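Student: Have a peek at structure_21.pdb (PDB, C-alpha atoms).
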```pdb
ATOM      1  CA  MET E  73     -58.936  47.839 -47.987
ATOM      2  CA  LYS E  74     -59.234  44.071 -47.658
ATOM      3  CA  ILE E  75     -61.537  41.980 -49.798
ATOM      4  CA  TYR E  76     -62.113  38.300 -50.356
ATOM      5  CA  GLN E  77     -62.363  37.038 -53.894
ATOM      6  CA  PHE E  78     -62.728  33.700 -55.628
ATOM      7  CA  GLU E  79     -60.063  33.363 -58.283
ATOM      8  CA  SER E  80     -62.101  30.558 -59.865
ATOM      9  CA  GLY E  81     -65.108  28.382 -59.110
ATOM     10  CA  THR E  82     -63.065  25.445 -57.871
ATOM     11  CA  GLY E  83     -63.894  25.476 -54.172
ATOM     12  CA  LEU E  84     -62.715  27.171 -51.005
ATOM     13  CA  ASP E  85     -59.038  26.836 -51.948
ATOM     14  CA  ALA E  86     -59.719  29.472 -54.601
ATOM     15  CA  LEU E  87     -60.864  32.020 -51.989
ATOM     16  CA  SER E  88     -58.141  34.556 -51.229
ATOM     17  CA  LEU E  89     -57.827  37.670 -49.064
ATOM     18  CA  VAL E  90     -56.317  40.544 -51.051
ATOM     19  CA  GLU E  91     -55.742  44.287 -50.793
ATOM     20  CA  LYS E  92     -57.576  46.648 -53.123
ATOM     21  CA  PRO E  93     -57.958  50.437 -53.253
ATOM     22  CA  GLU E  94     -61.006  51.734 -51.401
ATOM     23  CA  PRO E  95     -63.772  52.403 -53.961
ATOM     24  CA  GLN E  96     -65.278  55.854 -54.403
ATOM     25  CA  PRO E  97     -68.961  56.500 -55.107
ATOM     26  CA  THR E  98     -69.865  57.948 -58.497
ATOM     27  CA  TYR E  99     -73.184  59.558 -59.496
ATOM     28  CA  GLY E 100     -76.057  57.810 -57.721
ATOM     29  CA  GLN E 101     -73.763  55.527 -55.750
ATOM     30  CA  VAL E 102     -73.209  55.032 -52.031
ATOM     31  CA  LEU E 103     -70.026  53.981 -50.229
ATOM     32  CA  ILE E 104     -70.774  51.461 -47.477
ATOM     33  CA  LYS E 105     -68.494  50.341 -44.682
ATOM     34  CA  VAL E 106     -69.545  46.704 -44.434
ATOM     35  CA  ARG E 107     -70.111  45.564 -40.858
ATOM     36  CA  ALA E 108     -71.397  42.027 -41.430
ATOM     37  CA  THR E 109     -72.209  39.530 -44.161
ATOM     38  CA  ALA E 110     -74.275  36.343 -44.046
ATOM     39  CA  LEU E 111     -73.886  33.096 -45.957
ATOM     40  CA  ASN E 112     -76.490  31.224 -47.978
ATOM     41  CA  TYR E 113     -76.404  27.834 -49.685
ATOM     42  CA  ARG E 114     -76.145  29.733 -52.963
ATOM     43  CA  ASP E 115     -72.708  30.967 -51.854
ATOM     44  CA  LEU E 116     -71.490  27.378 -51.667
ATOM     45  CA  VAL E 117     -72.782  26.743 -55.182
ATOM     46  CA  VAL E 118     -70.941  29.828 -56.477
ATOM     47  CA  ALA E 119     -67.755  28.682 -54.727
ATOM     48  CA  GLN E 120     -67.932  25.364 -56.561
ATOM     49  CA  GLY E 121     -68.547  26.949 -59.961
ATOM     50  CA  GLY E 122     -72.062  25.555 -60.115
ATOM     51  CA  TYR E 123     -73.877  28.807 -60.769
ATOM     52  CA  GLY E 124     -73.501  28.812 -64.522
ATOM     53  CA  PRO E 125     -71.544  30.798 -67.101
ATOM     54  CA  THR E 126     -72.937  34.148 -65.929
ATOM     55  CA  VAL E 127     -70.444  34.175 -63.027
ATOM     56  CA  LYS E 128     -67.177  35.818 -63.962
ATOM     57  CA  TYR E 129     -64.059  35.231 -61.863
ATOM     58  CA  PRO E 130     -62.320  36.725 -59.959
ATOM     59  CA  LEU E 131     -65.437  37.493 -57.935
ATOM     60  CA  ILE E 132     -66.099  39.123 -54.566
ATOM     61  CA  PRO E 133     -68.614  36.659 -53.090
ATOM     62  CA  ILE E 134     -71.693  36.762 -50.842
ATOM     63  CA  SER E 135     -74.964  38.497 -51.644
ATOM     64  CA  ASP E 136     -75.973  39.405 -48.092
ATOM     65  CA  GLY E 137     -74.371  42.263 -46.215
ATOM     66  CA  ALA E 138     -75.159  45.226 -43.984
ATOM     67  CA  GLY E 139     -73.199  48.300 -43.073
ATOM     68  CA  GLU E 140     -73.004  52.032 -42.586
ATOM     69  CA  VAL E 141     -73.205  54.675 -45.297
ATOM     70  CA  VAL E 142     -69.921  56.621 -45.063
ATOM     71  CA  ALA E 143     -70.064  58.656 -48.290
ATOM     72  CA  ILE E 144     -72.540  59.420 -51.054
ATOM     73  CA  GLY E 145     -72.096  60.377 -54.673
ATOM     74  CA  GLU E 146     -73.715  63.245 -56.484
ATOM     75  CA  GLY E 147     -77.461  62.906 -56.964
ATOM     76  CA  VAL E 148     -78.092  60.505 -54.073
ATOM     77  CA  THR E 149     -81.376  61.217 -52.243
ATOM     78  CA  ARG E 150     -82.621  57.885 -50.844
ATOM     79  CA  VAL E 151     -79.994  57.549 -48.091
ATOM     80  CA  LYS E 152     -77.595  59.773 -46.159
ATOM     81  CA  VAL E 153     -74.248  59.398 -44.419
ATOM     82  CA  GLY E 154     -74.709  57.484 -41.166
ATOM     83  CA  ASP E 155     -77.688  55.385 -42.337
ATOM     84  CA  ARG E 156     -77.615  51.678 -41.536
ATOM     85  CA  VAL E 157     -78.367  49.776 -44.731
ATOM     86  CA  ALA E 158     -78.417  46.402 -46.436
ATOM     87  CA  GLY E 159     -77.985  45.706 -50.127
ATOM     88  CA  ILE E 160     -80.820  44.009 -51.986
ATOM     89  CA  PHE E 161     -80.021  40.652 -53.611
ATOM     90  CA  PHE E 162     -80.910  41.659 -57.172
ATOM     91  CA  GLN E 163     -79.662  45.212 -57.473
ATOM     92  CA  LYS E 164     -82.034  46.006 -60.341
ATOM     93  CA  TRP E 165     -85.167  44.205 -59.078
ATOM     94  CA  LEU E 166     -86.880  47.113 -57.381
ATOM     95  CA  ASP E 167     -90.512  46.163 -58.005
ATOM     96  CA  GLY E 168     -92.770  44.250 -60.370
ATOM     97  CA  SER E 169     -91.851  40.887 -61.849
ATOM     98  CA  LEU E 170     -88.424  39.332 -62.260
ATOM     99  CA  THR E 171     -86.997  39.803 -65.759
ATOM    100  CA  LYS E 172     -83.961  38.550 -67.650
ATOM    101  CA  GLU E 173     -82.253  41.899 -67.168
ATOM    102  CA  LYS E 174     -82.920  41.961 -63.412
ATOM    103  CA  LEU E 175     -81.532  38.422 -63.136
ATOM    104  CA  LYS E 176     -78.134  39.719 -64.211
ATOM    105  CA  SER E 177     -77.805  41.944 -61.123
ATOM    106  CA  GLY E 178     -77.401  39.345 -58.367
ATOM    107  CA  LEU E 179     -74.765  40.322 -55.800
ATOM    108  CA  GLY E 180     -72.028  37.784 -55.191
ATOM    109  CA  GLY E 181     -72.812  35.908 -58.397
ATOM    110  CA  ASN E 182     -73.516  37.942 -61.489
ATOM    111  CA  ILE E 183     -71.742  40.964 -59.990
ATOM    112  CA  ASN E 184     -69.318  41.490 -57.093
ATOM    113  CA  GLY E 185     -70.777  40.924 -53.649
ATOM    114  CA  MET E 186     -70.365  42.060 -50.056
ATOM    115  CA  LEU E 187     -67.355  40.198 -48.600
ATOM    116  CA  ALA E 188     -65.200  43.322 -48.477
ATOM    117  CA  GLU E 189     -64.429  46.093 -46.010
ATOM    118  CA  TYR E 190     -66.035  48.687 -48.299
ATOM    119  CA  VAL E 191     -68.421  48.391 -51.245
ATOM    120  CA  THR E 192     -70.167  50.863 -53.523
ATOM    121  CA  LEU E 193     -73.792  50.198 -54.498
ATOM    122  CA  HIS E 194     -76.347  52.269 -56.336
ATOM    123  CA  GLU E 195     -78.731  54.011 -53.946
ATOM    124  CA  ASP E 196     -81.656  52.142 -55.532
ATOM    125  CA  GLY E 197     -80.133  48.827 -54.451
ATOM    126  CA  LEU E 198     -80.357  49.584 -50.712
ATOM    127  CA  VAL E 199     -82.870  49.362 -47.890
ATOM    128  CA  ILE E 200     -82.747  50.870 -44.409
ATOM    129  CA  LEU E 201     -82.344  48.311 -41.618
ATOM    130  CA  PRO E 202     -85.005  47.978 -38.895
ATOM    131  CA  ASP E 203     -83.868  49.982 -35.865
ATOM    132  CA  HIS E 204     -83.956  47.072 -33.410
ATOM    133  CA  LEU E 205     -81.594  44.873 -35.427
ATOM    134  CA  SER E 206     -77.810  44.731 -35.158
ATOM    135  CA  TYR E 207     -75.663  44.770 -38.280
ATOM    136  CA  GLU E 208     -75.168  41.022 -37.878
ATOM    137  CA  GLU E 209     -78.923  40.468 -37.765
ATOM    138  CA  GLY E 210     -79.556  42.881 -40.624
ATOM    139  CA  ALA E 211     -77.035  41.077 -42.802
ATOM    140  CA  THR E 212     -79.152  37.901 -42.705
ATOM    141  CA  LEU E 213     -82.156  39.498 -44.436
ATOM    142  CA  PRO E 214     -81.465  40.060 -48.170
ATOM    143  CA  CYS E 215     -81.667  36.480 -49.442
ATOM    144  CA  ALA E 216     -83.191  34.007 -46.960
ATOM    145  CA  ALA E 217     -85.652  36.339 -45.267
ATOM    146  CA  VAL E 218     -86.879  37.970 -48.481
ATOM    147  CA  THR E 219     -87.245  34.521 -50.065
ATOM    148  CA  ALA E 220     -89.410  33.306 -47.182
ATOM    149  CA  TRP E 221     -91.461  36.519 -47.264
ATOM    150  CA  HIS E 222     -91.971  36.258 -51.030
ATOM    151  CA  ALA E 223     -93.144  32.648 -50.729
ATOM    152  CA  LEU E 224     -95.496  33.142 -47.789
ATOM    153  CA  MET E 225     -96.729  36.695 -48.166
ATOM    154  CA  THR E 226     -96.219  38.160 -51.646
ATOM    155  CA  GLN E 227     -97.090  35.030 -53.618
ATOM    156  CA  GLY E 228     -98.614  32.937 -50.850
ATOM    157  CA  LYS E 229    -100.816  35.542 -49.176
ATOM    158  CA  ILE E 230    -100.867  33.309 -46.124
ATOM    159  CA  THR E 231    -103.838  33.578 -43.770
ATOM    160  CA  ALA E 232    -104.371  32.633 -40.136
ATOM    161  CA  GLY E 233    -105.121  28.979 -39.570
ATOM    162  CA  GLU E 234    -103.257  27.652 -42.609
ATOM    163  CA  ARG E 235    -100.987  24.669 -42.212
ATOM    164  CA  VAL E 236     -97.449  25.208 -43.470
ATOM    165  CA  LEU E 237     -94.776  22.533 -43.912
ATOM    166  CA  LEU E 238     -91.132  23.617 -43.622
ATOM    167  CA  LEU E 239     -88.258  21.346 -44.631
ATOM    168  CA  GLY E 240     -85.118  21.626 -42.528
ATOM    169  CA  THR E 241     -83.908  24.357 -40.209
ATOM    170  CA  GLY E 242     -81.706  26.533 -42.405
ATOM    171  CA  GLY E 243     -82.112  30.243 -42.977
ATOM    172  CA  VAL E 244     -85.173  30.224 -45.276
ATOM    173  CA  SER E 245     -87.068  27.684 -43.184
ATOM    174  CA  ILE E 246     -86.458  29.465 -39.879
ATOM    175  CA  PHE E 247     -87.478  32.846 -41.301
ATOM    176  CA  ALA E 248     -90.571  31.155 -42.733
ATOM    177  CA  LEU E 249     -91.326  29.733 -39.284
ATOM    178  CA  GLN E 250     -91.137  33.185 -37.726
ATOM    179  CA  PHE E 251     -93.237  34.853 -40.444
ATOM    180  CA  ALA E 252     -95.848  32.072 -40.471
ATOM    181  CA  LYS E 253     -96.328  32.221 -36.704
ATOM    182  CA  VAL E 254     -96.841  35.992 -36.544
ATOM    183  CA  HIS E 255     -99.544  35.550 -39.194
ATOM    184  CA  GLY E 256    -101.352  32.864 -37.207
ATOM    185  CA  ALA E 257    -100.407  29.774 -39.219
ATOM    186  CA  GLU E 258     -99.833  26.265 -37.917
ATOM    187  CA  VAL E 259     -96.289  25.100 -38.662
ATOM    188  CA  ILE E 260     -94.947  21.597 -39.206
ATOM    189  CA  ILE E 261     -91.155  21.403 -39.531
ATOM    190  CA  THR E 262     -88.724  18.576 -40.317
ATOM    191  CA  SER E 263     -85.078  17.970 -39.467
ATOM    192  CA  SER E 264     -82.672  15.083 -38.924
ATOM    193  CA  SER E 265     -81.669  16.568 -35.557
ATOM    194  CA  ASP E 266     -83.823  16.288 -32.445
ATOM    195  CA  GLU E 267     -81.875  19.174 -30.925
ATOM    196  CA  LYS E 268     -82.719  21.438 -33.858
ATOM    197  CA  LEU E 269     -86.351  20.337 -33.745
ATOM    198  CA  GLN E 270     -86.501  21.237 -30.063
ATOM    199  CA  HIS E 271     -85.148  24.693 -30.883
ATOM    200  CA  ALA E 272     -87.740  25.072 -33.644
ATOM    201  CA  GLN E 273     -90.458  24.139 -31.184
ATOM    202  CA  GLU E 274     -89.222  26.839 -28.825
ATOM    203  CA  LEU E 275     -89.638  29.317 -31.700
ATOM    204  CA  GLY E 276     -93.265  28.276 -32.143
ATOM    205  CA  ALA E 277     -93.311  25.207 -34.391
ATOM    206  CA  ASP E 278     -96.513  23.268 -33.680
ATOM    207  CA  VAL E 279     -95.414  19.856 -34.976
ATOM    208  CA  ILE E 280     -91.853  18.523 -35.295
ATOM    209  CA  ILE E 281     -90.807  15.493 -37.351
ATOM    210  CA  ASN E 282     -87.385  13.853 -37.500
ATOM    211  CA  TYR E 283     -87.109  12.692 -41.114
ATOM    212  CA  LYS E 284     -84.333  10.238 -40.241
ATOM    213  CA  THR E 285     -86.418   8.345 -37.692
ATOM    214  CA  THR E 286     -89.597   8.950 -39.728
ATOM    215  CA  PRO E 287     -88.459   8.543 -43.358
ATOM    216  CA  GLU E 288     -92.061   8.344 -44.564
ATOM    217  CA  TRP E 289     -92.715  11.805 -43.147
ATOM    218  CA  HIS E 290     -95.212  12.655 -45.859
ATOM    219  CA  LYS E 291     -97.469   9.836 -44.657
ATOM    220  CA  GLU E 292     -97.120  11.027 -41.070
ATOM    221  CA  ILE E 293     -98.155  14.521 -42.123
ATOM    222  CA  TYR E 294    -101.242  13.117 -43.842
ATOM    223  CA  LYS E 295    -102.225  11.412 -40.608
ATOM    224  CA  LEU E 296    -101.607  14.553 -38.575
ATOM    225  CA  THR E 297    -103.809  16.596 -40.926
ATOM    226  CA  GLU E 298    -106.788  14.229 -40.839
ATOM    227  CA  GLY E 299    -105.932  12.868 -44.262
ATOM    228  CA  ASN E 300    -106.062  16.274 -45.917
ATOM    229  CA  GLY E 301    -102.442  17.436 -46.171
ATOM    230  CA  VAL E 302    -100.914  20.843 -45.520
ATOM    231  CA  ASP E 303    -101.972  24.018 -47.291
ATOM    232  CA  ARG E 304     -98.474  24.911 -48.452
ATOM    233  CA  VAL E 305     -94.905  23.614 -48.458
ATOM    234  CA  ILE E 306     -91.737  25.713 -48.364
ATOM    235  CA  GLU E 307     -89.694  23.295 -50.454
ATOM    236  CA  VAL E 308     -85.955  23.822 -50.020
ATOM    237  CA  GLY E 309     -84.906  20.235 -50.692
ATOM    238  CA  GLY E 310     -85.511  20.281 -54.420
ATOM    239  CA  ALA E 311     -85.795  17.159 -56.535
ATOM    240  CA  GLY E 312     -84.792  14.919 -53.643
ATOM    241  CA  THR E 313     -87.869  15.806 -51.565
ATOM    242  CA  LEU E 314     -90.344  17.189 -54.097
ATOM    243  CA  ALA E 315     -92.197  13.899 -54.622
ATOM    244  CA  LYS E 316     -92.914  13.576 -50.895
ATOM    245  CA  SER E 317     -93.899  17.231 -50.675
ATOM    246  CA  MET E 318     -96.443  16.669 -53.444
ATOM    247  CA  GLN E 319     -97.924  13.867 -51.380
ATOM    248  CA  ALA E 320     -97.914  15.893 -48.159
ATOM    249  CA  VAL E 321     -99.767  18.912 -49.578
ATOM    250  CA  ARG E 322    -103.564  19.064 -49.819
ATOM    251  CA  VAL E 323    -105.627  19.068 -52.993
ATOM    252  CA  GLY E 324    -105.319  22.556 -54.461
ATOM    253  CA  GLY E 325    -102.367  23.337 -52.204
ATOM    254  CA  THR E 326     -99.189  25.236 -52.982
ATOM    255  CA  ILE E 327     -95.538  24.218 -53.106
ATOM    256  CA  SER E 328     -93.018  27.068 -53.139
ATOM    257  CA  LEU E 329     -89.952  25.594 -54.827
ATOM    258  CA  ILE E 330     -86.915  27.400 -53.449
ATOM    259  CA  GLY E 331     -83.827  25.234 -52.992
ATOM    260  CA  ILE E 332     -81.980  22.093 -54.076
ATOM    261  CA  LEU E 333     -80.460  20.969 -50.776
ATOM    262  CA  ALA E 334     -81.513  17.355 -51.355
ATOM    263  CA  GLY E 335     -80.440  17.335 -54.995
ATOM    264  CA  ALA E 336     -81.191  18.949 -58.328
ATOM    265  CA  LYS E 337     -81.969  15.795 -60.309
ATOM    266  CA  ALA E 338     -84.496  13.062 -59.667
ATOM    267  CA  GLU E 339     -87.359  11.355 -61.421
ATOM    268  CA  VAL E 340     -90.537  13.176 -60.426
ATOM    269  CA  ASN E 341     -93.991  11.948 -61.421
ATOM    270  CA  PRO E 342     -96.063  14.963 -62.546
ATOM    271  CA  LEU E 343     -99.371  13.119 -62.119
ATOM    272  CA  PRO E 344    -100.011  14.396 -58.554
ATOM    273  CA  VAL E 345     -99.670  17.960 -59.827
ATOM    274  CA  ILE E 346    -102.547  17.297 -62.192
ATOM    275  CA  MET E 347    -104.691  15.011 -60.046
ATOM    276  CA  LYS E 348    -104.402  17.256 -56.961
ATOM    277  CA  ASN E 349    -104.578  20.529 -58.903
ATOM    278  CA  LEU E 350    -101.363  21.681 -57.241
ATOM    279  CA  ASN E 351     -99.745  25.074 -57.556
ATOM    280  CA  ILE E 352     -95.955  24.774 -57.834
ATOM    281  CA  GLN E 353     -94.225  28.129 -57.964
ATOM    282  CA  GLY E 354     -90.542  28.921 -58.264
ATOM    283  CA  ILE E 355     -89.323  31.530 -55.775
ATOM    284  CA  TYR E 356     -86.031  33.298 -56.464
ATOM    285  CA  VAL E 357     -85.480  35.778 -53.617
ATOM    286  CA  GLY E 358     -87.533  38.950 -54.274
ATOM    287  CA  SER E 359     -87.653  42.653 -55.048
ATOM    288  CA  ARG E 360     -86.799  45.775 -53.067
ATOM    289  CA  ASP E 361     -90.517  46.391 -52.586
ATOM    290  CA  MET E 362     -90.852  42.981 -50.929
ATOM    291  CA  PHE E 363     -87.792  43.657 -48.773
ATOM    292  CA  GLU E 364     -89.219  46.953 -47.528
ATOM    293  CA  SER E 365     -92.654  45.442 -46.814
ATOM    294  CA  MET E 366     -90.966  42.635 -44.906
ATOM    295  CA  ASN E 367     -88.929  45.115 -42.876
ATOM    296  CA  GLN E 368     -92.143  46.857 -41.803
ATOM    297  CA  ALA E 369     -93.435  43.553 -40.425
ATOM    298  CA  ILE E 370     -90.089  42.761 -38.790
ATOM    299  CA  SER E 371     -90.140  46.160 -37.080
ATOM    300  CA  LEU E 372     -93.787  45.891 -36.026
ATOM    301  CA  HIS E 373     -93.410  42.420 -34.513
ATOM    302  CA  LYS E 374     -89.821  42.993 -33.319
ATOM    303  CA  ILE E 375     -88.719  39.811 -35.082
ATOM    304  CA  LYS E 376     -85.075  38.882 -34.429
ATOM    305  CA  PRO E 377     -83.241  36.740 -36.995
ATOM    306  CA  ILE E 378     -81.825  33.510 -35.608
ATOM    307  CA  ILE E 379     -78.041  33.451 -35.913
ATOM    308  CA  ASP E 380     -76.288  30.170 -35.214
ATOM    309  CA  ARG E 381     -72.710  31.405 -35.237
ATOM    310  CA  VAL E 382     -70.679  34.532 -36.019
ATOM    311  CA  PHE E 383     -67.200  34.209 -37.540
ATOM    312  CA  PRO E 384     -64.608  36.992 -37.713
ATOM    313  CA  PHE E 385     -63.676  38.331 -41.148
ATOM    314  CA  GLU E 386     -60.329  36.545 -41.033
ATOM    315  CA  GLU E 387     -62.131  33.182 -40.695
ATOM    316  CA  ALA E 388     -64.360  33.481 -43.770
ATOM    317  CA  LYS E 389     -63.243  30.088 -45.071
ATOM    318  CA  GLU E 390     -64.164  28.485 -41.762
ATOM    319  CA  ALA E 391     -67.604  30.084 -42.021
ATOM    320  CA  TYR E 392     -68.104  28.528 -45.457
ATOM    321  CA  SER E 393     -66.991  25.143 -44.143
ATOM    322  CA  TYR E 394     -69.358  25.388 -41.196
ATOM    323  CA  LEU E 395     -72.291  26.162 -43.472
ATOM    324  CA  LYS E 396     -71.343  23.262 -45.724
ATOM    325  CA  SER E 397     -71.333  20.886 -42.740
ATOM    326  CA  GLY E 398     -75.054  21.464 -42.210
ATOM    327  CA  ALA E 399     -74.558  21.848 -38.463
ATOM    328  CA  HIS E 400     -76.139  25.309 -38.382
ATOM    329  CA  PHE E 401     -79.617  26.297 -37.189
ATOM    330  CA  GLY E 402     -80.674  29.512 -38.863
ATOM    331  CA  LYS E 403     -77.953  31.774 -40.227
ATOM    332  CA  VAL E 404     -74.146  31.837 -40.355
ATOM    333  CA  VAL E 405     -72.631  35.332 -40.221
ATOM    334  CA  ILE E 406     -69.199  36.840 -40.931
ATOM    335  CA  LYS E 407     -68.477  39.978 -38.889
ATOM    336  CA  LEU E 408     -66.176  42.798 -39.934
ATOM    337  CA  GLU E 409     -64.754  45.294 -37.452
TER     338      GLU E 409
END
```
For the structure just supplied, provide its representation as structure tokens.
Tutor:
Amino acid sequence: MKIYQFESGTGLDALSLVEKPEPQPTYGQVLIKVRATALNYRDLVVAQGGYGPTVKYPLIPISDGAGEVVAIGEGVTRVKVGDRVAGIFFQKWLDGSLTKEKLKSGLGGNINGMLAEYVTLHEDGLVILPDHLSYEEGATLPCAAVTAWHALMTQGKITAGERVLLLGTGGVSIFALQFAKVHGAEVIITSSSDEKLQHAQELGADVIINYKTTPEWHKEIYKLTEGNGVDRVIEVGGAGTLAKSMQAVRVGGTISLIGILAGAKAEVNPLPVIMKNLNIQGIYVGSRDMFESMNQAISLHKIKPIIDRVFPFEEAKEAYSYLKSGAHFGKVVIKLE
């Protein structure tokens, strides 16, 4: 079978397509014919060696993938041959809180990921895909969608009428837009692209702000919310935008800190956290329980993930480059035959 692997964390030049024997499932394992994988910003970080010493090379990359169960090992009861499944991001985070041990089971980082024609995963590390989704759509769920669900629903317990601020139009933000709207929230979203903002508005965004033409977007949000601020922020920018997010959120509001797209280092004044009694919570994907709860909502509301572009397996490097360019709206997918 064909797999992609990073020989080192030195960039896309270290990504190679190689032949390996097809794996066989052992006790409790499932053999999956991978049909599609989806990229996240985290995959770019892994490619550049920025994910820390826990990553061991060579590494099969990408956490997100969906496919068909083609064989099962002895003792498997959760799935059967022919089931359409996706792997969960942390293979050992089934429920409860995240622990140090569960952190070591991240696909495409701590352990080999999904960018291969066949993979074996433990049956506990799988969920069944919603019936109305294609493999390409199902592949987008494990990281970005579960992260958005964790932030808004599991931790956030969002209610109708809340005001939610989303930064950018990548995978997490667009899933958050879809989840927030089906739960009756008002959504404000930012982007540097008027075209992307128009698309977000078509998906239900109530207020759109171009942060290039409105660099003081936090002040604009305060005006738009009668001087109160939003109830919660899905913060994917990191240190580069956190200060403005703290100004844009209301007293007693919540910031879900998810990404570092605008940088990992900056001087941040903690005083607003104290003076506004803010809740800042780190969100690192989520558990299998969260994934399965999310899938119930996706099925009920017939939510369809937004895919910007699908690349063939042979053009995996081009898919990475496209994601890195920031031109995408929603998700970037790699399709296998």
Student: Which residues fall under the PyMOL selection byres ((chain E and resi 310-318) around 10) in this file, as a PyMOL selection string?
Tutor: chain E and resi 237-239+288-291+293+301-302+304-309+319-323+325-327+329-345+348+350-352
Student: Under the PyMOL selection byres ((chain E and resi 84-95) around 7), which residues of this model are included? Write them out as number ranges by chain.
Tutor: E: 73-80, 82-83, 96-97, 119, 190-192, 389
Student: Between E:Gln353, E:Thr109, E:Thr297, E:Ser263, which residue has the minimum interatomic distance to Ser328 (chain E), considering only C-alpha atoms?
Tutor: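 The answer is E:Gln353, which sits nearest to Ser328 (chain E).
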Student: Considering only C-alpha atoms, can you say which of E:Val141, E:Val127, E:Leu296, E:Ile132 comes closest to Lys176 (chain E)?
Tutor: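 Of all the options, E:Val127 lies closest to Lys176 (chain E).
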Student: Between E:Val151, E:Thr219, E:Gly354, E:Gly81, which residue has the minimum interatomic distance to Gln120 (chain E), considering only C-alpha atoms?
Tutor: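 Between E:Val151, E:Thr219, E:Gly354, E:Gly81, the residue approaching Gln120 (chain E) most closely is E:Gly81.
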Student: Report, in Å with one decimal, the straight-line distance from CA of Pro214 (chain E) to CA of Asp266 (chain E).
Tutor: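 Pair CA of Pro214 (chain E) / CA of Asp266 (chain E) returns 28.6 Å.
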Student: Neighbours of Leu116 (chain E) within 10 Å (all atoms listed in the file; same-chain residues fewer than 3 positions away dropped), as a list in words?
Tutor: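 Residues meeting the cut-off are Gly81, Gly83, Leu84, Leu111, Asn112, Tyr113, Ala119, Gln120, Gly121, Gly122, Tyr123, Pro133, Ile134, Tyr392, Ser393, Leu395 and Lys396 of chain E.
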Student: Applied to this file, what does the PyMOL selection byres ((chain E and resi 105) around 7) return in terms of residues, put as a list in words?
Tutor: Leu103, Ile104, Val106, Arg107, Gly139, Glu140, Val141, Val142, Glu189, Tyr190 and Val191 of chain E
